[in-house]
Amino acid sequence: MQQLSFEHIFDIDIAIGARHVIGRGPFGRRVIAEVSGGTVDGPRIKGTIMPGTAGDWVLIADDGTFYLDVRLTIETDDGARIYMTYHGTRHGAPDVLARLDSGEEVDPSEYYFRTVPFFETGDERYAWMNRIVAVGLGDRTPRGPLYSVHQVL
Amino acid sequence: MQQVQTEFLLKVQFEVTEISDLGPTPTGNRRIARVTGGHFEGPKLKGTAVPGPGGDWLNFTPDGATRLDVRVTLKTDDDALIYMTYSGVRHGSPEVMARLAAGEEVDPSELYFRIAPRFETGAEKYEWLNRIVCIGTGHRLPTGPVYTIYQIL
């Protein structure tokens with residue numbers, strides 16, 4: 001079996017703005033959460049999240065599981081634009097999810113919050129990001145989600 | 001920072017017998033590969049790939065990488081159906097990619113071949129699969145791909 005290894009590429013700290021509750025549709029309860037900004041900081045990339053076209057079209061299942069569907073754009077400190085999309089899930093025991101919902105600080109080891117981001121850019125300096133598979137380990141802080149993103153090597 | 005921890009989920013081998021080459025389209029060189037069967041095995045589930053609708057809508061993009069877009073249905077040995085989808089990427093040196101294209105077996109260490117699979121099922125026994133985030137490492141055999149898939153813990 002191949003040995004898996006990972007390399008940390010950045011942390012992304014996301015600010016959530018308005019939440020638009022669409023309600024229960026055929027796929028579950030849909031909430032569209034605006035990403036109003038944020039920062040990206042890592043050894044190979046630093047930047048901010050461009051507001052306006054960033055959001056999470058999250059579906060919430062009856063057991064409280066979040067199915068994330070996120071689109072956002074990073075603008076790096078050297079002027080590149082990187083489109084980032086991810087799916088992922090967040091779930092845990094009902095009492096832990098209730099504490100998260102009420103805005104409490106909950107240790108991320110108490111729940112499962114994982115994503116698989118993909119990247120798209122035309123900037124040669126970051127072209128390597130077009131060709132990687134990565135995972136994000138989430139921490140839902142009271143301010144918004146914070147992910148450490150690791151490339152699958 | 002949280003560290004990535006993984007647990008082996010399963011190994012899956014798909015049989016790919018027919019590939020339709022659509023040539024250069026606006027998004028890349030599109031090939032559609034039919035998955036005609038296969039089998040999978042792991043500590044918590046094993047079974048076969050249903051030879052119904054299943055395939056990989058491969059895209060050979062101008063940057064030399066191959067992007068995967070797969071839908072298959074798995075059937076466990078206790079008759080649960082699991083819908084599996086994945087995106088992924090495969091790239092290597094032009095020489096390695098040419099050997100792959102010619103149908104040769106290439107050692108997995110010679111290329112980057114990673115996927116991010118997702119699962120969907122109504123079977124209560126496997127319902128946990130709906131909520132996990134996974135990644136996989138690929139190996140392209142002349143008969144089709146083999147993936148070792150890990151759950152991100």
# chains A, B, ... in the order shown; residues from 1 in each chain; ligands from 1
>>> select_by_dssp(residues="chain B", states="strand (DSSP E or B)", output="number ranges by chain")
B: 6-25, 28-41, 46-49, 55-60, 66-76, 81-92, 111-120, 134-141, 144-152
>>> write_last_selection(atoms="C-alpha atoms", output="compact mmCIF listing (two decimals), in the first residue's frame")
# COMPACT_ATOMS: atom_id res chain seq x y z
CA THR B 6 -6.39 8.87 7.96
CA GLU B 7 -7.88 5.42 8.16
CA PHE B 8 -7.84 2.90 5.31
CA LEU B 9 -11.38 2.55 3.97
CA LEU B 10 -11.16 0.28 0.96
CA LYS B 11 -9.29 -0.65 -2.16
CA VAL B 12 -11.28 -0.59 -5.39
CA GLN B 13 -10.38 -1.82 -8.84
CA PHE B 14 -12.48 -0.78 -11.83
CA GLU B 15 -12.63 -2.44 -15.21
CA VAL B 16 -12.61 0.08 -18.02
CA THR B 17 -13.12 -1.50 -21.39
CA GLU B 18 -14.42 1.18 -23.73
CA ILE B 19 -13.14 4.70 -24.10
CA SER B 20 -14.83 7.17 -26.43
CA ASP B 21 -12.49 9.93 -27.53
CA LEU B 22 -14.41 13.11 -28.24
CA GLY B 23 -11.31 15.06 -29.18
CA PRO B 24 -10.63 18.65 -28.30
CA THR B 25 -13.68 20.40 -26.85
CA GLY B 28 -9.92 20.12 -23.08
CA ASN B 29 -9.53 16.79 -24.79
CA ARG B 30 -12.57 14.87 -23.59
CA ARG B 31 -12.66 11.10 -23.27
CA ILE B 32 -15.54 9.16 -21.78
CA ALA B 33 -14.57 5.82 -20.30
CA ARG B 34 -17.16 3.23 -19.43
CA VAL B 35 -16.78 1.36 -16.15
CA THR B 36 -18.01 -2.16 -16.90
CA GLY B 37 -17.30 -3.76 -13.54
CA GLY B 38 -14.94 -4.03 -10.68
CA HIS B 39 -14.61 -4.98 -7.07
CA PHE B 40 -13.76 -3.37 -3.78
CA GLU B 41 -12.73 -4.55 -0.37
CA LYS B 46 -16.73 -5.15 0.24
CA GLY B 47 -18.49 -5.94 -2.99
CA THR B 48 -18.55 -5.21 -6.69
CA ALA B 49 -19.07 -2.29 -9.06
CA GLY B 55 -18.00 6.01 -16.20
CA ASP B 56 -15.28 8.57 -16.14
CA TRP B 57 -15.75 11.79 -18.10
CA LEU B 58 -12.00 12.37 -18.39
CA ASN B 59 -10.62 15.69 -19.49
CA PHE B 60 -7.06 16.01 -20.79
CA THR B 66 -5.82 14.65 -16.69
CA ARG B 67 -8.90 15.58 -14.69
CA LEU B 68 -11.25 12.83 -13.57
CA ASP B 69 -15.00 13.09 -13.14
CA VAL B 70 -16.41 9.71 -12.19
CA ARG B 71 -19.78 8.24 -11.28
CA VAL B 72 -20.12 4.59 -10.36
CA THR B 73 -22.45 2.44 -8.28
CA LEU B 74 -21.08 -0.06 -5.81
CA LYS B 75 -22.99 -3.04 -4.49
CA THR B 76 -21.88 -4.55 -1.20
CA LEU B 81 -26.13 0.07 -3.16
CA ILE B 82 -23.67 2.93 -2.77
CA TYR B 83 -23.35 5.73 -5.28
CA MET B 84 -19.74 6.88 -5.53
CA THR B 85 -18.53 10.00 -7.31
CA TYR B 86 -15.11 11.50 -7.49
CA SER B 87 -13.06 14.27 -8.90
CA GLY B 88 -9.34 13.88 -9.13
CA VAL B 89 -6.22 14.67 -11.01
CA ARG B 90 -3.43 12.73 -12.66
CA HIS B 91 -0.22 14.29 -13.89
CA GLY B 92 3.41 13.49 -14.44
CA LEU B 111 3.04 10.26 -11.23
CA TYR B 112 0.61 12.21 -9.10
CA PHE B 113 -2.75 10.46 -9.16
CA ARG B 114 -5.14 11.47 -6.40
CA ILE B 115 -8.89 11.57 -6.02
CA ALA B 116 -11.49 12.86 -3.57
CA PRO B 117 -14.39 10.37 -3.50
CA ARG B 118 -17.84 10.95 -2.04
CA PHE B 119 -20.43 8.36 -1.19
CA GLU B 120 -24.22 8.41 -1.09
CA CYS B 134 -12.08 10.79 1.83
CA ILE B 135 -9.11 10.90 -0.48
CA GLY B 136 -7.59 8.17 -2.61
CA THR B 137 -4.35 7.35 -4.33
CA GLY B 138 -4.52 5.87 -7.81
CA HIS B 139 -2.65 3.32 -9.84
CA ARG B 140 -3.52 2.92 -13.53
CA LEU B 141 -3.35 -0.68 -14.67
CA GLY B 144 -8.45 0.08 -15.39
CA PRO B 145 -7.62 2.08 -12.30
CA VAL B 146 -7.02 0.79 -8.78
CA TYR B 147 -7.56 3.17 -5.88
CA THR B 148 -6.64 2.93 -2.25
CA ILE B 149 -9.13 5.09 -0.39
CA TYR B 150 -8.71 6.58 3.04
CA GLN B 151 -11.18 8.30 5.30
CA ILE B 152 -9.95 11.60 6.69
>>> closest_atom_pairs(of="chain A", to="chain B", cutoff="10 Å", atoms="only C-alpha atoms", output="Markdown table")
| residue | atom | partner | partner_atom | distance |
| --- | --- | --- | --- | --- |
| A:Met1 | CA | B:Thr148 | CA | 7.6 |
| A:Gln2 | CA | B:Thr137 | CA | 7.6 |
| A:Gln3 | CA | B:Thr137 | CA | 9.3 |
| A:Leu4 | CA | B:Thr137 | CA | 8.2 |
| A:Ser5 | CA | B:Val4 | CA | 8.9 |
| A:Phe6 | CA | B:Val4 | CA | 7.3 |
| A:Glu7 | CA | B:Val4 | CA | 9.3 |
| A:His8 | CA | B:Gln3 | CA | 8.9 |
| A:Asp11 | CA | B:Met1 | CA | 9.0 |
| A:Thr65 | CA | B:Arg131 | CA | 7.5 |
| A:Phe66 | CA | B:Arg131 | CA | 8.8 |
| A:Tyr67 | CA | B:Arg131 | CA | 8.2 |
| A:His87 | CA | B:Val133 | CA | 8.8 |
| A:Gly88 | CA | B:Val133 | CA | 6.5 |
| A:Thr89 | CA | B:Arg131 | CA | 6.0 |
| A:Arg90 | CA | B:Arg131 | CA | 7.8 |
| A:His91 | CA | B:Arg131 | CA | 7.5 |
| A:Pro108 | CA | B:Gln2 | CA | 8.7 |
| A:Ser109 | CA | B:Gln2 | CA | 8.9 |
| A:Tyr112 | CA | B:Leu153 | CA | 7.7 |
| A:Phe113 | CA | B:Val133 | CA | 8.8 |
| A:Arg114 | CA | B:Val133 | CA | 6.1 |
| A:Thr115 | CA | B:Val133 | CA | 6.5 |
| A:Val116 | CA | B:Ala116 | CA | 6.8 |
| A:Pro117 | CA | B:Ala116 | CA | 9.2 |
| A:Phe118 | CA | B:Gly88 | CA | 9.2 |
| A:Ala127 | CA | B:Asp63 | CA | 9.0 |
| A:Asn130 | CA | B:Val89 | CA | 9.0 |
| A:Arg131 | CA | B:Val89 | CA | 6.2 |
| A:Ile132 | CA | B:Val89 | CA | 6.9 |
| A:Val133 | CA | B:Arg114 | CA | 6.1 |
| A:Ala134 | CA | B:Ile135 | CA | 8.3 |
| A:Val135 | CA | B:Ile135 | CA | 8.0 |
| A:Gly136 | CA | B:Val4 | CA | 8.7 |
| A:Leu137 | CA | B:Gln2 | CA | 6.8 |
| A:Gly138 | CA | B:Gln2 | CA | 8.6 |
| A:Asp139 | CA | B:Gln2 | CA | 9.1 |
| A:Tyr147 | CA | B:Gln2 | CA | 9.0 |
| A:Ser148 | CA | B:Met1 | CA | 7.0 |
| A:Val149 | CA | B:Val4 | CA | 9.4 |
| A:His150 | CA | B:Val4 | CA | 7.7 |
| A:Val152 | CA | B:Arg114 | CA | 7.6 |
| A:Leu153 | CA | B:Tyr112 | CA | 7.9 |
>>> residues_around(residues="A:Tyr126", least_positions_apart="4", cutoff="10 Å", atoms="only C-alpha atoms", output="list in words")
Arg44, Ile45, Thr76, Ala80, Arg81, Ile82, Phe119, Glu120, Thr121, Gly122, Asn130 and Arg131 of chain A
>>> write_last_selection(atoms="C-alpha atoms", output="mmCIF file, in the first residue's frame")
data_model
loop_
_atom_site.group_PDB
_atom_site.id
_atom_site.type_symbol
_atom_site.label_atom_id
_atom_site.label_comp_id
_atom_site.auth_asym_id
_atom_site.auth_seq_id
_atom_site.Cartn_x
_atom_site.Cartn_y
_atom_site.Cartn_z
ATOM 1 C CA ARG A 44 3.541 29.325 -0.234
ATOM 2 C CA ILE A 45 0.500 31.575 -0.425
ATOM 3 C CA THR A 76 -2.884 36.742 -3.165
ATOM 4 C CA ALA A 80 -2.904 36.355 -8.336
ATOM 5 C CA ARG A 81 -6.540 35.295 -8.236
ATOM 6 C CA ILE A 82 -7.336 31.744 -7.257
ATOM 7 C CA PHE A 119 -8.270 25.286 -6.989
ATOM 8 C CA GLU A 120 -8.285 26.987 -10.359
ATOM 9 C CA THR A 121 -6.000 29.769 -11.503
ATOM 10 C CA GLY A 122 -4.453 31.173 -14.648
ATOM 11 C CA ASN A 130 -4.550 23.464 -10.351
ATOM 12 C CA ARG A 131 -3.118 19.975 -10.118
#
>>> residues_around(residues="A:Ile74", least_positions_apart="5", cutoff="7 Å", atoms="only C-alpha atoms", output="PyMOL selection string")
chain A and resi 47-50+81-83
>>> write_last_selection(atoms="N, CA and C atoms", output="PDB file, in the first residue's frame")
ATOM      1  N   GLY A  47      -2.903  35.790   1.275  1.00  0.00           N
ATOM      2  CA  GLY A  47      -3.834  36.666   0.587  1.00  0.00           C
ATOM      3  C   GLY A  47      -5.107  36.864   1.369  1.00  0.00           C
ATOM      4  N   THR A  48      -6.099  37.377   0.641  1.00  0.00           N
ATOM      5  CA  THR A  48      -7.398  37.634   1.256  1.00  0.00           C
ATOM      6  C   THR A  48      -8.502  37.040   0.385  1.00  0.00           C
ATOM      7  N   ILE A  49      -9.667  36.893   0.970  1.00  0.00           N
ATOM      8  CA  ILE A  49     -10.821  36.405   0.215  1.00  0.00           C
ATOM      9  C   ILE A  49     -11.564  37.596  -0.347  1.00  0.00           C
ATOM     10  N   MET A  50     -11.852  37.542  -1.653  1.00  0.00           N
ATOM     11  CA  MET A  50     -12.559  38.649  -2.287  1.00  0.00           C
ATOM     12  C   MET A  50     -14.050  38.534  -1.975  1.00  0.00           C
ATOM     13  N   ARG A  81      -5.186  35.652  -8.666  1.00  0.00           N
ATOM     14  CA  ARG A  81      -6.540  35.295  -8.236  1.00  0.00           C
ATOM     15  C   ARG A  81      -6.729  33.797  -8.371  1.00  0.00           C
ATOM     16  N   ILE A  82      -7.198  33.201  -7.304  1.00  0.00           N
ATOM     17  CA  ILE A  82      -7.336  31.744  -7.257  1.00  0.00           C
ATOM     18  C   ILE A  82      -8.752  31.402  -6.838  1.00  0.00           C
ATOM     19  N   TYR A  83      -9.436  30.721  -7.717  1.00  0.00           N
ATOM     20  CA  TYR A  83     -10.810  30.281  -7.454  1.00  0.00           C
ATOM     21  C   TYR A  83     -10.736  28.978  -6.660  1.00  0.00           C
TER      22      TYR A  83
END
>>> atom_distance(atom1="atom CA of B:Leu100", atom2="atom CA of A:Met129")
22.5 Å
>>> residues_around(residues="A:Thr53", least_positions_apart="6", cutoff="8 Å", atoms="only C-alpha atoms", output="MDAnalysis selection string")
chainID A and resid 71:73
>>> write_last_selection(atoms="C-alpha atoms", output="PDB file, in the first residue's frame")
ATOM      1  CA  ARG A  71     -17.153  28.865  -3.866  1.00  0.00           C
ATOM      2  CA  LEU A  72     -14.760  31.686  -3.128  1.00  0.00           C
ATOM      3  CA  THR A  73     -11.893  33.591  -4.699  1.00  0.00           C
TER       4      THR A  73
END
>>> closest_residue(among="B:Gly103, B:Glu95, B:Asp79, B:Leu45", to="B:Ala123", atoms="only C-alpha atoms")
B:Asp79
>>> atom_distance(atom1="atom CA of A:Asp107", atom2="atom CA of A:Val58")
21.7 Å
>>> select_by_dssp(residues="chain B", states="helix (DSSP H, G or I)", output="MDAnalysis selection string")
chainID B and resid 94:101 108:110 124:131
>>> write_last_selection(atoms="C-alpha atoms", output="mmCIF file, in the first residue's frame")
data_model
loop_
_atom_site.group_PDB
_atom_site.id
_atom_site.type_symbol
_atom_site.label_atom_id
_atom_site.label_comp_id
_atom_site.auth_asym_id
_atom_site.auth_seq_id
_atom_site.Cartn_x
_atom_site.Cartn_y
_atom_site.Cartn_z
ATOM 1 C CA PRO B 94 5.326 14.229 -20.526
ATOM 2 C CA GLU B 95 7.247 10.951 -20.935
ATOM 3 C CA VAL B 96 5.286 9.242 -18.127
ATOM 4 C CA MET B 97 1.959 10.589 -19.417
ATOM 5 C CA ALA B 98 2.806 9.256 -22.905
ATOM 6 C CA ARG B 99 3.504 5.793 -21.474
ATOM 7 C CA LEU B 100 0.167 5.886 -19.638
ATOM 8 C CA ALA B 101 -1.644 6.982 -22.795
ATOM 9 C CA PRO B 108 2.412 4.969 -9.066
ATOM 10 C CA SER B 109 5.482 6.719 -7.661
ATOM 11 C CA GLU B 110 6.153 8.145 -11.130
ATOM 12 C CA GLU B 124 -28.764 2.259 7.151
ATOM 13 C CA LYS B 125 -25.784 0.010 7.770
ATOM 14 C CA TYR B 126 -23.565 2.176 5.553
ATOM 15 C CA GLU B 127 -25.214 5.509 6.296
ATOM 16 C CA TRP B 128 -21.946 6.730 7.903
ATOM 17 C CA LEU B 129 -20.442 6.815 4.408
ATOM 18 C CA ASN B 130 -22.679 9.803 3.583
ATOM 19 C CA ARG B 131 -20.881 11.940 6.138
#
>>> atom_distance(atom1="atom CA of A:Arg125", atom2="atom CA of A:Lys46")
12.7 Å
>>> residues_around(residues="A:Gly38", least_positions_apart="2", cutoff="10 Å", atoms="only C-alpha atoms", output="number ranges by chain")
A: 12-16, 35-36, 40, 47-51, 74, 144-146
>>> write_last_selection(atoms="C-alpha atoms", output="PDB file, in the first residue's frame")
ATOM      1  CA  ILE A  12      -7.880  30.032   5.679  1.00  0.00           C
ATOM      2  CA  ASP A  13      -9.884  32.117   8.106  1.00  0.00           C
ATOM      3  CA  ILE A  14     -13.335  32.859   6.721  1.00  0.00           C
ATOM      4  CA  ALA A  15     -15.677  35.647   7.817  1.00  0.00           C
ATOM      5  CA  ILE A  16     -19.358  34.822   7.383  1.00  0.00           C
ATOM      6  CA  VAL A  35     -18.540  34.853   2.821  1.00  0.00           C
ATOM      7  CA  SER A  36     -17.794  38.498   3.533  1.00  0.00           C
ATOM      8  CA  VAL A  40      -5.195  33.036   3.684  1.00  0.00           C
ATOM      9  CA  GLY A  47      -3.834  36.666   0.587  1.00  0.00           C
ATOM     10  CA  THR A  48      -7.398  37.634   1.256  1.00  0.00           C
ATOM     11  CA  ILE A  49     -10.821  36.405   0.215  1.00  0.00           C
ATOM     12  CA  MET A  50     -12.559  38.649  -2.287  1.00  0.00           C
ATOM     13  CA  PRO A  51     -16.071  39.517  -1.099  1.00  0.00           C
ATOM     14  CA  ILE A  74      -8.539  34.255  -3.069  1.00  0.00           C
ATOM     15  CA  GLY A 144     -16.474  31.780  11.288  1.00  0.00           C
ATOM     16  CA  PRO A 145     -14.801  28.685   9.946  1.00  0.00           C
ATOM     17  CA  LEU A 146     -11.050  28.292  10.049  1.00  0.00           C
TER      18      LEU A 146
END
